[in-house]
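coords-v4.pdb, holding PDB, C-alpha atoms:
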```pdb
MODEL        1
ATOM      1  CA  MET A   1     103.734  83.760 139.839  1.00  0.00           C
ATOM      2  CA  LEU A   2     102.891  87.456 139.646  1.00  0.00           C
ATOM      3  CA  ALA A   3      99.192  86.606 139.480  1.00  0.00           C
ATOM      4  CA  ARG A   4      99.400  85.675 143.168  1.00  0.00           C
ATOM      5  CA  ILE A   5     101.111  88.947 144.034  1.00  0.00           C
ATOM      6  CA  ALA A   6      99.109  91.386 141.923  1.00  0.00           C
ATOM      7  CA  PRO A   7      96.085  91.757 144.255  1.00  0.00           C
ATOM      8  CA  PHE A   8      98.346  92.833 147.106  1.00  0.00           C
ATOM      9  CA  VAL A   9     100.640  95.319 145.385  1.00  0.00           C
ATOM     10  CA  SER A  10      98.194  98.063 144.535  1.00  0.00           C
ATOM     11  CA  PRO A  11     100.020 101.286 143.673  1.00  0.00           C
ATOM     12  CA  TYR A  12      97.134 103.187 145.272  1.00  0.00           C
ATOM     13  CA  ALA A  13      97.751 101.918 148.814  1.00  0.00           C
ATOM     14  CA  TYR A  14      99.038 104.677 151.070  1.00  0.00           C
ATOM     15  CA  PRO A  15     101.915 105.362 151.615  1.00  0.00           C
ATOM     16  CA  ALA A  16     103.201 103.931 148.321  1.00  0.00           C
ATOM     17  CA  VAL A  17     101.177 106.284 146.137  1.00  0.00           C
ATOM     18  CA  VAL A  18     102.458 109.338 148.020  1.00  0.00           C
ATOM     19  CA  ALA A  19     106.012 108.050 147.730  1.00  0.00           C
ATOM     20  CA  GLY A  20     105.610 107.646 143.981  1.00  0.00           C
ATOM     21  CA  ILE A  21     106.271 103.891 143.736  1.00  0.00           C
ATOM     22  CA  ASP A  22     104.200 101.331 141.845  1.00  0.00           C
ATOM     23  CA  PHE A  23     105.160  98.187 143.733  1.00  0.00           C
ATOM     24  CA  GLY A  24     103.286  95.977 141.274  1.00  0.00           C
ATOM     25  CA  ALA A  25     105.399  97.279 138.413  1.00  0.00           C
ATOM     26  CA  LEU A  26     108.549  96.932 140.530  1.00  0.00           C
ATOM     27  CA  ALA A  27     107.818  93.264 141.287  1.00  0.00           C
ATOM     28  CA  ALA A  28     107.208  92.645 137.579  1.00  0.00           C
ATOM     29  CA  ARG A  29     110.518  94.297 136.648  1.00  0.00           C
ATOM     30  CA  LEU A  30     112.416  92.157 139.140  1.00  0.00           C
ATOM     31  CA  ASP A  31     110.640  89.052 137.843  1.00  0.00           C
ATOM     32  CA  THR A  32     111.610  89.985 134.285  1.00  0.00           C
ATOM     33  CA  ALA A  33     115.254  90.533 135.254  1.00  0.00           C
ATOM     34  CA  LEU A  34     115.435  87.138 136.951  1.00  0.00           C
ATOM     35  CA  ARG A  35     113.736  85.306 134.094  1.00  0.00           C
ATOM     36  CA  ARG A  36     116.019  87.004 131.571  1.00  0.00           C
ATOM     37  CA  HIS A  37     118.835  85.227 133.394  1.00  0.00           C
ATOM     38  CA  GLY A  38     117.200  81.828 133.262  1.00  0.00           C
ATOM     39  CA  ALA A  39     115.224  81.836 136.507  1.00  0.00           C
ATOM     40  CA  ARG A  40     112.503  79.242 136.960  1.00  0.00           C
ATOM     41  CA  ARG A  41     109.967  78.757 139.731  1.00  0.00           C
ATOM     42  CA  GLN A  42     111.118  76.971 142.885  1.00  0.00           C
ATOM     43  CA  PRO A  43     108.443  75.231 144.972  1.00  0.00           C
ATOM     44  CA  ALA A  44     107.690  76.956 148.267  1.00  0.00           C
ATOM     45  CA  PRO A  45     104.960  76.583 150.928  1.00  0.00           C
ATOM     46  CA  LEU A  46     101.896  78.614 149.941  1.00  0.00           C
ATOM     47  CA  ASP A  47     101.120  79.497 153.554  1.00  0.00           C
ATOM     48  CA  VAL A  48     104.511  81.231 153.732  1.00  0.00           C
ATOM     49  CA  THR A  49     104.579  82.867 150.301  1.00  0.00           C
ATOM     50  CA  LEU A  50     101.061  84.265 150.698  1.00  0.00           C
ATOM     51  CA  ARG A  51      99.552  85.681 153.887  1.00  0.00           C
ATOM     52  CA  TYR A  52      96.927  88.372 154.185  1.00  0.00           C
ATOM     53  CA  GLY A  53      94.226  89.680 156.436  1.00  0.00           C
ATOM     54  CA  GLY A  54      92.593  93.076 156.656  1.00  0.00           C
ATOM     55  CA  LEU A  55      95.181  95.789 156.118  1.00  0.00           C
ATOM     56  CA  ARG A  56      98.127  93.390 156.321  1.00  0.00           C
ATOM     57  CA  ALA A  57      99.480  91.340 153.442  1.00  0.00           C
ATOM     58  CA  ILE A  58     102.706  89.740 152.280  1.00  0.00           C
ATOM     59  CA  ALA A  59     103.147  87.909 148.986  1.00  0.00           C
ATOM     60  CA  SER A  60     106.318  86.335 147.624  1.00  0.00           C
ATOM     61  CA  PHE A  61     107.660  84.375 144.696  1.00  0.00           C
ATOM     62  CA  VAL A  62     110.701  82.100 144.779  1.00  0.00           C
ATOM     63  CA  VAL A  63     112.918  81.142 141.825  1.00  0.00           C
ATOM     64  CA  GLU A  64     116.173  79.357 141.044  1.00  0.00           C
ATOM     65  CA  SER A  65     118.499  79.022 138.050  1.00  0.00           C
ATOM     66  CA  ASP A  66     121.792  77.481 137.026  1.00  0.00           C
ATOM     67  CA  THR A  67     123.605  80.195 139.034  1.00  0.00           C
ATOM     68  CA  ILE A  68     120.970  80.953 141.703  1.00  0.00           C
ATOM     69  CA  ALA A  69     120.238  78.531 144.522  1.00  0.00           C
ATOM     70  CA  ARG A  70     117.263  80.618 145.641  1.00  0.00           C
ATOM     71  CA  ALA A  71     115.947  84.098 144.981  1.00  0.00           C
ATOM     72  CA  THR A  72     112.968  85.425 146.903  1.00  0.00           C
ATOM     73  CA  VAL A  73     111.031  88.583 146.064  1.00  0.00           C
ATOM     74  CA  SER A  74     108.390  89.749 148.531  1.00  0.00           C
ATOM     75  CA  HIS A  75     105.920  92.571 148.795  1.00  0.00           C
ATOM     76  CA  LEU A  76     104.804  93.673 152.260  1.00  0.00           C
ATOM     77  CA  ARG A  77     101.910  95.968 153.037  1.00  0.00           C
ATOM     78  CA  VAL A  78     100.760  96.990 156.497  1.00  0.00           C
ATOM     79  CA  SER A  79      98.496  99.938 155.710  1.00  0.00           C
ATOM     80  CA  PRO A  80      98.952 102.745 156.478  1.00  0.00           C
ATOM     81  CA  VAL A  81     102.171 102.044 158.400  1.00  0.00           C
ATOM     82  CA  LEU A  82     104.514 100.399 155.907  1.00  0.00           C
ATOM     83  CA  ALA A  83     104.798  99.211 152.328  1.00  0.00           C
ATOM     84  CA  GLY A  84     107.761  97.709 150.560  1.00  0.00           C
ATOM     85  CA  VAL A  85     109.491  95.145 148.391  1.00  0.00           C
ATOM     86  CA  ALA A  86     112.417  93.001 149.548  1.00  0.00           C
ATOM     87  CA  MET A  87     114.689  90.655 147.608  1.00  0.00           C
ATOM     88  CA  VAL A  88     117.462  88.214 148.511  1.00  0.00           C
ATOM     89  CA  VAL A  89     119.487  86.218 145.975  1.00  0.00           C
ATOM     90  CA  HIS A  90     121.600  83.256 147.101  1.00  0.00           C
ATOM     91  CA  PRO A  91     124.142  82.198 144.460  1.00  0.00           C
ATOM     92  CA  ARG A  92     124.987  78.536 143.995  1.00  0.00           C
ATOM     93  CA  PRO A  93     127.596  77.452 146.570  1.00  0.00           C
ATOM     94  CA  ALA A  94     129.827  76.237 143.745  1.00  0.00           C
ATOM     95  CA  LEU A  95     130.371  79.861 142.660  1.00  0.00           C
ATOM     96  CA  ASP A  96     132.494  82.592 144.205  1.00  0.00           C
ATOM     97  CA  ALA A  97     129.747  85.187 144.285  1.00  0.00           C
ATOM     98  CA  PRO A  98     128.131  87.342 146.979  1.00  0.00           C
ATOM     99  CA  LEU A  99     124.561  87.328 148.180  1.00  0.00           C
ATOM    100  CA  LEU A 100     122.390  90.140 146.868  1.00  0.00           C
ATOM    101  CA  VAL A 101     120.320  91.813 149.591  1.00  0.00           C
ATOM    102  CA  CYS A 102     118.026  94.716 148.790  1.00  0.00           C
ATOM    103  CA  ASP A 103     114.750  96.304 149.757  1.00  0.00           C
ATOM    104  CA  ILE A 104     112.652  99.424 149.289  1.00  0.00           C
ATOM    105  CA  MET A 105     110.454 100.462 152.193  1.00  0.00           C
ATOM    106  CA  VAL A 106     108.023 103.347 152.532  1.00  0.00           C
ATOM    107  CA  PRO A 107     107.056 104.408 156.076  1.00  0.00           C
ATOM    108  CA  PRO A 108     104.083 106.689 156.862  1.00  0.00           C
ATOM    109  CA  THR A 109     106.184 109.755 156.051  1.00  0.00           C
ATOM    110  CA  ALA A 110     106.224 108.501 152.415  1.00  0.00           C
ATOM    111  CA  PHE A 111     109.943 109.114 151.970  1.00  0.00           C
ATOM    112  CA  ALA A 112     111.070 105.968 150.135  1.00  0.00           C
ATOM    113  CA  ARG A 113     114.155 104.306 151.581  1.00  0.00           C
ATOM    114  CA  ALA A 114     116.264 101.525 150.104  1.00  0.00           C
ATOM    115  CA  PHE A 115     119.081  99.258 151.172  1.00  0.00           C
ATOM    116  CA  ILE A 116     121.171  97.496 148.519  1.00  0.00           C
ATOM    117  CA  ASP A 117     124.344  95.458 148.915  1.00  0.00           C
ATOM    118  CA  ALA A 118     126.308  92.483 147.627  1.00  0.00           C
ATOM    119  CA  CYS A 119     127.868  90.799 150.619  1.00  0.00           C
ATOM    120  CA  GLY A 120     129.372  87.669 152.121  1.00  0.00           C
ATOM    121  CA  PRO A 121     130.738  84.925 149.856  1.00  0.00           C
ATOM    122  CA  GLY A 122     133.416  85.734 147.313  1.00  0.00           C
ATOM    123  CA  ILE A 123     134.155  89.300 148.408  1.00  0.00           C
ATOM    124  CA  THR A 124     137.833  88.498 149.123  1.00  0.00           C
ATOM    125  CA  ARG A 125     138.410  86.990 145.677  1.00  0.00           C
ATOM    126  CA  ALA A 126     140.814  89.070 143.562  1.00  0.00           C
ATOM    127  CA  SER A 127     138.314  89.200 140.691  1.00  0.00           C
ATOM    128  CA  PHE A 128     135.484  90.481 142.905  1.00  0.00           C
ATOM    129  CA  GLY A 129     136.368  94.139 142.409  1.00  0.00           C
ATOM    130  CA  ALA A 130     136.154  94.163 138.630  1.00  0.00           C
ATOM    131  CA  ARG A 131     133.259  91.723 138.375  1.00  0.00           C
ATOM    132  CA  PHE A 132     130.963  92.924 141.174  1.00  0.00           C
ATOM    133  CA  ARG A 133     132.204  95.858 143.264  1.00  0.00           C
ATOM    134  CA  GLU A 134     133.126  98.378 140.575  1.00  0.00           C
ATOM    135  CA  PRO A 135     130.026  97.991 138.346  1.00  0.00           C
ATOM    136  CA  LEU A 136     127.667  98.014 141.334  1.00  0.00           C
ATOM    137  CA  ALA A 137     129.396 100.900 143.096  1.00  0.00           C
ATOM    138  CA  ALA A 138     129.161 102.948 139.891  1.00  0.00           C
ATOM    139  CA  LEU A 139     125.361 102.679 140.052  1.00  0.00           C
ATOM    140  CA  VAL A 140     125.240 103.774 143.687  1.00  0.00           C
ATOM    141  CA  ASP A 141     127.686 106.622 143.120  1.00  0.00           C
ATOM    142  CA  GLY A 142     125.693 107.812 140.119  1.00  0.00           C
ATOM    143  CA  ALA A 143     122.341 107.851 141.926  1.00  0.00           C
ATOM    144  CA  ASP A 144     121.606 111.532 141.309  1.00  0.00           C
ATOM    145  CA  GLY A 145     118.875 113.156 143.360  1.00  0.00           C
ATOM    146  CA  LEU A 146     118.978 110.539 146.116  1.00  0.00           C
ATOM    147  CA  ARG A 147     120.440 110.895 149.567  1.00  0.00           C
ATOM    148  CA  ARG A 148     123.089 108.258 150.155  1.00  0.00           C
ATOM    149  CA  ALA A 149     124.496 106.808 153.382  1.00  0.00           C
ATOM    150  CA  PRO A 150     126.833 103.873 154.127  1.00  0.00           C
ATOM    151  CA  VAL A 151     125.448 100.428 154.862  1.00  0.00           C
ATOM    152  CA  PRO A 152     124.663  99.818 158.567  1.00  0.00           C
ATOM    153  CA  ALA A 153     127.628  99.093 160.814  1.00  0.00           C
ATOM    154  CA  TRP A 154     126.336  95.604 161.615  1.00  0.00           C
ATOM    155  CA  ILE A 155     126.643  94.485 157.975  1.00  0.00           C
ATOM    156  CA  ALA A 156     129.727  96.531 157.011  1.00  0.00           C
ATOM    157  CA  PRO A 157     132.314  93.800 157.844  1.00  0.00           C
ATOM    158  CA  LEU A 158     130.500  91.460 155.438  1.00  0.00           C
ATOM    159  CA  SER A 159     129.824  94.027 152.718  1.00  0.00           C
ATOM    160  CA  GLY A 160     131.500  93.899 149.334  1.00  0.00           C
ATOM    161  CA  GLY A 161     131.922  97.666 149.346  1.00  0.00           C
ATOM    162  CA  ALA A 162     129.273  98.442 146.723  1.00  0.00           C
ATOM    163  CA  GLY A 163     126.235  98.905 148.934  1.00  0.00           C
ATOM    164  CA  ALA A 164     124.378 101.869 150.360  1.00  0.00           C
ATOM    165  CA  ARG A 165     121.249 103.154 152.020  1.00  0.00           C
ATOM    166  CA  LEU A 166     119.307 105.484 149.744  1.00  0.00           C
ATOM    167  CA  ARG A 167     116.479 107.925 150.401  1.00  0.00           C
ATOM    168  CA  ALA A 168     114.257 109.734 147.912  1.00  0.00           C
ATOM    169  CA  ARG A 169     112.183 112.870 148.210  1.00  0.00           C
ATOM    170  CA  ARG A 170     108.456 112.350 148.725  1.00  0.00           C
ATOM    171  CA  GLY A 171     106.903 111.590 145.353  1.00  0.00           C
ATOM    172  CA  ASP A 172     110.234 110.597 143.781  1.00  0.00           C
ATOM    173  CA  GLY A 173     110.316 106.960 144.863  1.00  0.00           C
ATOM    174  CA  GLU A 174     110.544 105.757 141.280  1.00  0.00           C
ATOM    175  CA  ALA A 175     114.115 107.082 141.225  1.00  0.00           C
ATOM    176  CA  ILE A 176     115.058 104.561 143.926  1.00  0.00           C
ATOM    177  CA  ALA A 177     113.145 101.811 142.127  1.00  0.00           C
ATOM    178  CA  ARG A 178     115.157 102.440 138.956  1.00  0.00           C
ATOM    179  CA  VAL A 179     118.454 102.223 140.844  1.00  0.00           C
ATOM    180  CA  LEU A 180     117.404  99.010 142.582  1.00  0.00           C
ATOM    181  CA  VAL A 181     116.345  97.302 139.340  1.00  0.00           C
ATOM    182  CA  ALA A 182     119.550  98.392 137.601  1.00  0.00           C
ATOM    183  CA  TYR A 183     121.574  97.103 140.571  1.00  0.00           C
ATOM    184  CA  VAL A 184     119.821  93.725 140.399  1.00  0.00           C
ATOM    185  CA  GLU A 185     120.361  93.463 136.645  1.00  0.00           C
ATOM    186  CA  ARG A 186     124.040  94.348 136.945  1.00  0.00           C
ATOM    187  CA  TYR A 187     124.474  91.837 139.762  1.00  0.00           C
ATOM    188  CA  LEU A 188     122.839  89.104 137.674  1.00  0.00           C
ATOM    189  CA  ASP A 189     125.098  89.946 134.731  1.00  0.00           C
ATOM    190  CA  ALA A 190     128.137  89.539 136.999  1.00  0.00           C
ATOM    191  CA  LEU A 191     126.768  86.344 138.535  1.00  0.00           C
ATOM    192  CA  ALA A 192     126.490  84.812 135.066  1.00  0.00           C
ATOM    193  CA  THR A 193     130.292  85.006 134.730  1.00  0.00           C
ATOM    194  CA  ALA A 194     131.255  84.181 138.343  1.00  0.00           C
ATOM    195  CA  GLU A 195     134.232  81.890 138.837  1.00  0.00           C
ATOM    196  CA  PRO A 196     134.065  78.425 140.408  1.00  0.00           C
ATOM    197  CA  ALA A 197     134.431  78.506 144.180  1.00  0.00           C
ATOM    198  CA  ARG A 198     137.923  77.921 145.531  1.00  0.00           C
ATOM    199  CA  ASP A 199     136.610  77.235 149.028  1.00  0.00           C
ATOM    200  CA  PRO A 200     132.896  76.306 149.104  1.00  0.00           C
ATOM    201  CA  ALA A 201     133.027  75.777 152.881  1.00  0.00           C
ATOM    202  CA  ALA A 202     134.290  79.313 153.424  1.00  0.00           C
ATOM    203  CA  ASN A 203     131.553  80.648 151.152  1.00  0.00           C
ATOM    204  CA  ALA A 204     128.931  78.733 153.122  1.00  0.00           C
ATOM    205  CA  ALA A 205     130.296  80.201 156.365  1.00  0.00           C
ATOM    206  CA  ALA A 206     130.201  83.724 154.907  1.00  0.00           C
ATOM    207  CA  ALA A 207     126.603  83.237 153.769  1.00  0.00           C
ATOM    208  CA  THR A 208     125.670  82.011 157.248  1.00  0.00           C
ATOM    209  CA  ALA A 209     127.301  85.100 158.754  1.00  0.00           C
ATOM    210  CA  VAL A 210     125.229  87.387 156.498  1.00  0.00           C
ATOM    211  CA  ARG A 211     122.079  85.497 157.395  1.00  0.00           C
ATOM    212  CA  GLY A 212     122.829  85.760 161.103  1.00  0.00           C
ATOM    213  CA  ALA A 213     123.637  89.474 160.949  1.00  0.00           C
ATOM    214  CA  VAL A 214     120.467  90.390 159.051  1.00  0.00           C
ATOM    215  CA  ARG A 215     118.213  88.248 161.210  1.00  0.00           C
ATOM    216  CA  ALA A 216     119.754  89.638 164.404  1.00  0.00           C
ATOM    217  CA  HIS A 217     119.989  93.306 163.481  1.00  0.00           C
ATOM    218  CA  GLY A 218     117.722  93.983 160.487  1.00  0.00           C
ATOM    219  CA  PRO A 219     114.197  95.345 160.975  1.00  0.00           C
ATOM    220  CA  ALA A 220     112.412  92.560 159.049  1.00  0.00           C
ATOM    221  CA  SER A 221     111.887  90.224 161.984  1.00  0.00           C
ATOM    222  CA  ARG A 222     110.404  92.989 164.125  1.00  0.00           C
ATOM    223  CA  HIS A 223     107.998  94.197 161.416  1.00  0.00           C
ATOM    224  CA  LEU A 224     106.909  90.685 160.437  1.00  0.00           C
ATOM    225  CA  THR A 225     106.378  89.540 164.011  1.00  0.00           C
ATOM    226  CA  ARG A 226     104.290  92.603 164.776  1.00  0.00           C
ATOM    227  CA  ALA A 227     102.168  92.177 161.637  1.00  0.00           C
ATOM    228  CA  PHE A 228     101.833  88.393 161.313  1.00  0.00           C
ATOM    229  CA  GLY A 229     103.059  86.797 164.532  1.00  0.00           C
ATOM    230  CA  ALA A 230     106.320  85.166 165.602  1.00  0.00           C
ATOM    231  CA  ASP A 231     105.646  81.759 164.022  1.00  0.00           C
ATOM    232  CA  PHE A 232     105.036  83.164 160.547  1.00  0.00           C
ATOM    233  CA  ALA A 233     107.975  85.564 160.858  1.00  0.00           C
ATOM    234  CA  ALA A 234     110.338  82.691 161.688  1.00  0.00           C
ATOM    235  CA  ARG A 235     109.088  80.528 158.803  1.00  0.00           C
ATOM    236  CA  TYR A 236     109.258  83.406 156.330  1.00  0.00           C
ATOM    237  CA  LEU A 237     112.798  84.330 157.368  1.00  0.00           C
ATOM    238  CA  ASP A 238     113.817  80.694 156.940  1.00  0.00           C
ATOM    239  CA  LEU A 239     112.443  80.837 153.391  1.00  0.00           C
ATOM    240  CA  LEU A 240     114.168  84.137 152.663  1.00  0.00           C
ATOM    241  CA  TRP A 241     117.533  83.030 153.995  1.00  0.00           C
ATOM    242  CA  GLY A 242     117.556  79.463 152.771  1.00  0.00           C
ATOM    243  CA  ALA A 243     117.390  77.658 156.092  1.00  0.00           C
TER     244      ALA A 243
ENDMDL
END
```
As structure tokens, please, write out the structure in this file.
Amino acid sequence: MLARIAPFVSPYAYPAVVAGIDFGALAARLDTALRRHGARRQPAPLDVTLRYGGLRAIASFVVESDTIARATVSHLRVSPVLAGVAMVVHPRPALDAPLLVCDIMVPPTAFARAFIDACGPGITRASFGARFREPLAALVDGADGLRRAPVPAWIAPLSGGAGARLRARRGDGEAIARVLVAYVERYLDALATAEPARDPAANAAAATAVRGAVRAHGPASRHLTRAFGADFAARYLDLLWGA
């Protein structure tokens, strides 16, 4: 799957090189983490997972596992305006486990910025704190050298309390990449031991609420529409959010 992504994730594309992030290596590390937890390829439309033209490109891979209904990892490049990697993990509805939502984006200023959170389903379960919130929050709290801010207000009511927005100094983007990969790995470890869902319908409603909040308020739709058009943006967001 990474063979399709590799041509589009050059670490030498401004602004990624100035930020200090090798997006190709980051995609490979996320792929490795998923496969270590039993992920296998999930079929997806090629015209959605791969789109490029001139200075614009987006490439994605999609996987599933015994605990993951769908995980999508994407690399976006609109040179020299924006470069980044985004990831969403949807747990199986039969589990009481939150969605994982994270991304690293580098604007023209080359200050790498990240958003990471576990939100939606399962966050009210008594075991959520010990299984998900505390281990994930420890990573965010221990992110030395990075500026940290709370998650946006529009996602806060759905957040599991272990998320943050992070910012690195120019040239120190790898520090954010390390935190993101560690966060993903710790989430996957917790997901492997998640409890059976007590109320699958409530979990489905919580997942739908997360999807609606991100699509309505997150910047992805705006960036994708501007770069690739409204039709592609809608189809990609359906892939990302499991519609």
Within 7 Å of segment 74-89 of chain A, counting all atoms listed in the file, which residues show up once you throw out same-chain ones fewer than 4 positions away? Write them as a PDB file with C-alpha atoms, in the coordinates of the input, please.
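Once written, result-v7.pdb looks like this:
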```pdb
ATOM      1  CA  VAL A   9     100.640  95.319 145.385  1.00  0.00           C
ATOM      2  CA  TYR A  14      99.038 104.677 151.070  1.00  0.00           C
ATOM      3  CA  PRO A  15     101.915 105.362 151.615  1.00  0.00           C
ATOM      4  CA  ALA A  16     103.201 103.931 148.321  1.00  0.00           C
ATOM      5  CA  LEU A  55      95.181  95.789 156.118  1.00  0.00           C
ATOM      6  CA  ARG A  56      98.127  93.390 156.321  1.00  0.00           C
ATOM      7  CA  ALA A  57      99.480  91.340 153.442  1.00  0.00           C
ATOM      8  CA  ILE A  58     102.706  89.740 152.280  1.00  0.00           C
ATOM      9  CA  ALA A  59     103.147  87.909 148.986  1.00  0.00           C
ATOM     10  CA  SER A  60     106.318  86.335 147.624  1.00  0.00           C
ATOM     11  CA  PHE A  61     107.660  84.375 144.696  1.00  0.00           C
ATOM     12  CA  ILE A  68     120.970  80.953 141.703  1.00  0.00           C
ATOM     13  CA  ARG A  70     117.263  80.618 145.641  1.00  0.00           C
ATOM     14  CA  LEU A  99     124.561  87.328 148.180  1.00  0.00           C
ATOM     15  CA  LEU A 100     122.390  90.140 146.868  1.00  0.00           C
ATOM     16  CA  VAL A 101     120.320  91.813 149.591  1.00  0.00           C
ATOM     17  CA  CYS A 102     118.026  94.716 148.790  1.00  0.00           C
ATOM     18  CA  ASP A 103     114.750  96.304 149.757  1.00  0.00           C
ATOM     19  CA  ILE A 104     112.652  99.424 149.289  1.00  0.00           C
ATOM     20  CA  MET A 105     110.454 100.462 152.193  1.00  0.00           C
ATOM     21  CA  VAL A 106     108.023 103.347 152.532  1.00  0.00           C
ATOM     22  CA  PRO A 107     107.056 104.408 156.076  1.00  0.00           C
ATOM     23  CA  PRO A 108     104.083 106.689 156.862  1.00  0.00           C
ATOM     24  CA  LEU A 240     114.168  84.137 152.663  1.00  0.00           C
TER      25      LEU A 240
END
```
- Given the file shown, enumerate the residues that the PyMOL selection byres ((chain A and resi 160) around 10) captures and present them as a count of residues only. 25
- Query: Distance atom CA of Arg165 of chain A-atom CA of His90 of chain A, one decimal place?
  - Reply: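 Between atom CA of Arg165 of chain A and atom CA of His90 of chain A the gap is 20.5 Å.
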- Message: Between atom CA of Arg198 of chain A and atom CA of Asp66 of chain A, what distance in Å does the model show, to one decimal?
- Response: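 We find that atom CA of Arg198 of chain A and atom CA of Asp66 of chain A lie 18.2 Å from each other.
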- Query: Looking at only C-alpha atoms, which of A:Ala194, A:Ala71, A:Arg235, A:Ala206 is the one that sits closest to Arg40 of chain A?
  - Reply: A:Ala71
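Going from atom CA of Gln42 of chain A over to atom CA of Glu64 of chain A, you cover 5.9 Å.
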Go through segment 36-70 of chain A and flag each residue having an atom no more than 12 Å from segment 171-192 of chain A; for those, report the closest pair of atoms plus their distance in Å to one decimal, using only C-alpha atoms, ordered by chain and rising number, as a Markdown table.
```
| residue | atom | partner | partner_atom | distance |
| --- | --- | --- | --- | --- |
| A:Arg36 | CA | A:Glu185 | CA | 9.3 |
| A:His37 | CA | A:Leu188 | CA | 7.0 |
| A:Gly38 | CA | A:Ala192 | CA | 9.9 |
| A:Ala39 | CA | A:Leu188 | CA | 10.6 |
| A:Ser65 | CA | A:Ala192 | CA | 10.3 |
| A:Asp66 | CA | A:Ala192 | CA | 8.9 |
| A:Thr67 | CA | A:Ala192 | CA | 6.7 |
| A:Ile68 | CA | A:Leu191 | CA | 8.5 |
| A:Ala69 | CA | A:Leu191 | CA | 11.8 |
```
Residues just named, written with C-alpha atoms as a compact mmCIF listing (two decimals), in the coordinates of the input:
```txt
# COMPACT_ATOMS: atom_id res chain seq x y z
CA ARG A 36 116.02 87.00 131.57
CA HIS A 37 118.84 85.23 133.39
CA GLY A 38 117.20 81.83 133.26
CA ALA A 39 115.22 81.84 136.51
CA SER A 65 118.50 79.02 138.05
CA ASP A 66 121.79 77.48 137.03
CA THR A 67 123.60 80.19 139.03
CA ILE A 68 120.97 80.95 141.70
CA ALA A 69 120.24 78.53 144.52
```
- Query: Out of A:Arg222, A:Ala233, A:Gly20, A:His217, which residue has the shortest atom-to-atom distance to Arg113 of chain A when counting all atoms listed in the file?
  - Reply: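 Checking each of A:Arg222, A:Ala233, A:Gly20, A:His217 against Arg113 of chain A, counting all atoms listed in the file, the winner is A:Gly20.
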- Message: Just checking: using only C-alpha atoms, which residue out of A:Phe23, A:Ala213, A:Pro91, A:Arg51 ends up closest to Ala153 of chain A?
- Response: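 Comparing A:Phe23, A:Ala213, A:Pro91, A:Arg51 against Ala153 of chain A, the winner is A:Ala213.
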- Do a neighbour search on Glu195 of chain A at 9 Å with only C-alpha atoms, toss out local chain neighbours closer than 4 positions, and write the hits as a ChimeraX atom specification. /A:94-97,127,191
Adding 8 Å on each side of the box along x, y and z that holds all listed atoms of segment 220-226 of chain A, could you give its centre and edge lengths in Å to one decimal, as AutoDock Vina command-line options?
```
--center_x 108.4 --center_y 91.9 --center_z 161.9 --size_x 24.1 --size_y 20.7 --size_z 21.7
```
Would you fill the gaps in segment 91-102 of chain A so it has N, CA and C atoms, then print it as a short mmCIF file (atom, residue, chain, number, x, y, z; two decimals), in the frame of the given file?
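Once written, selection-v9.cif looks like this:
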```
data_model
loop_
_atom_site.label_atom_id
_atom_site.label_comp_id
_atom_site.auth_asym_id
_atom_site.auth_seq_id
_atom_site.Cartn_x
_atom_site.Cartn_y
_atom_site.Cartn_z
N PRO A 91 123.49 82.88 145.58
CA PRO A 91 124.14 82.20 144.46
C PRO A 91 124.39 80.73 144.79
N ARG A 92 124.62 79.93 143.77
CA ARG A 92 124.99 78.54 144.00
C ARG A 92 126.29 78.47 144.79
N PRO A 93 126.38 77.55 145.76
CA PRO A 93 127.60 77.45 146.57
C PRO A 93 128.85 77.15 145.75
N ALA A 94 128.67 76.58 144.58
CA ALA A 94 129.83 76.24 143.74
C ALA A 94 130.45 77.45 143.07
N LEU A 95 129.86 78.64 143.27
CA LEU A 95 130.37 79.86 142.66
C LEU A 95 130.94 80.79 143.72
N ASP A 96 131.99 81.53 143.34
CA ASP A 96 132.49 82.59 144.21
C ASP A 96 131.72 83.86 143.88
N ALA A 97 130.62 84.05 144.55
CA ALA A 97 129.75 85.19 144.28
C ALA A 97 129.01 85.58 145.55
N PRO A 98 128.78 86.87 145.75
CA PRO A 98 128.13 87.34 146.98
C PRO A 98 126.62 87.18 146.93
N LEU A 99 126.01 87.22 148.11
CA LEU A 99 124.56 87.33 148.18
C LEU A 99 124.15 88.74 147.76
N LEU A 100 123.00 88.84 147.15
CA LEU A 100 122.39 90.14 146.87
C LEU A 100 121.27 90.36 147.88
N VAL A 101 121.33 91.47 148.59
CA VAL A 101 120.32 91.81 149.59
C VAL A 101 119.82 93.22 149.29
N CYS A 102 118.53 93.37 149.08
CA CYS A 102 118.03 94.72 148.79
C CYS A 102 116.55 94.83 149.18
#
```
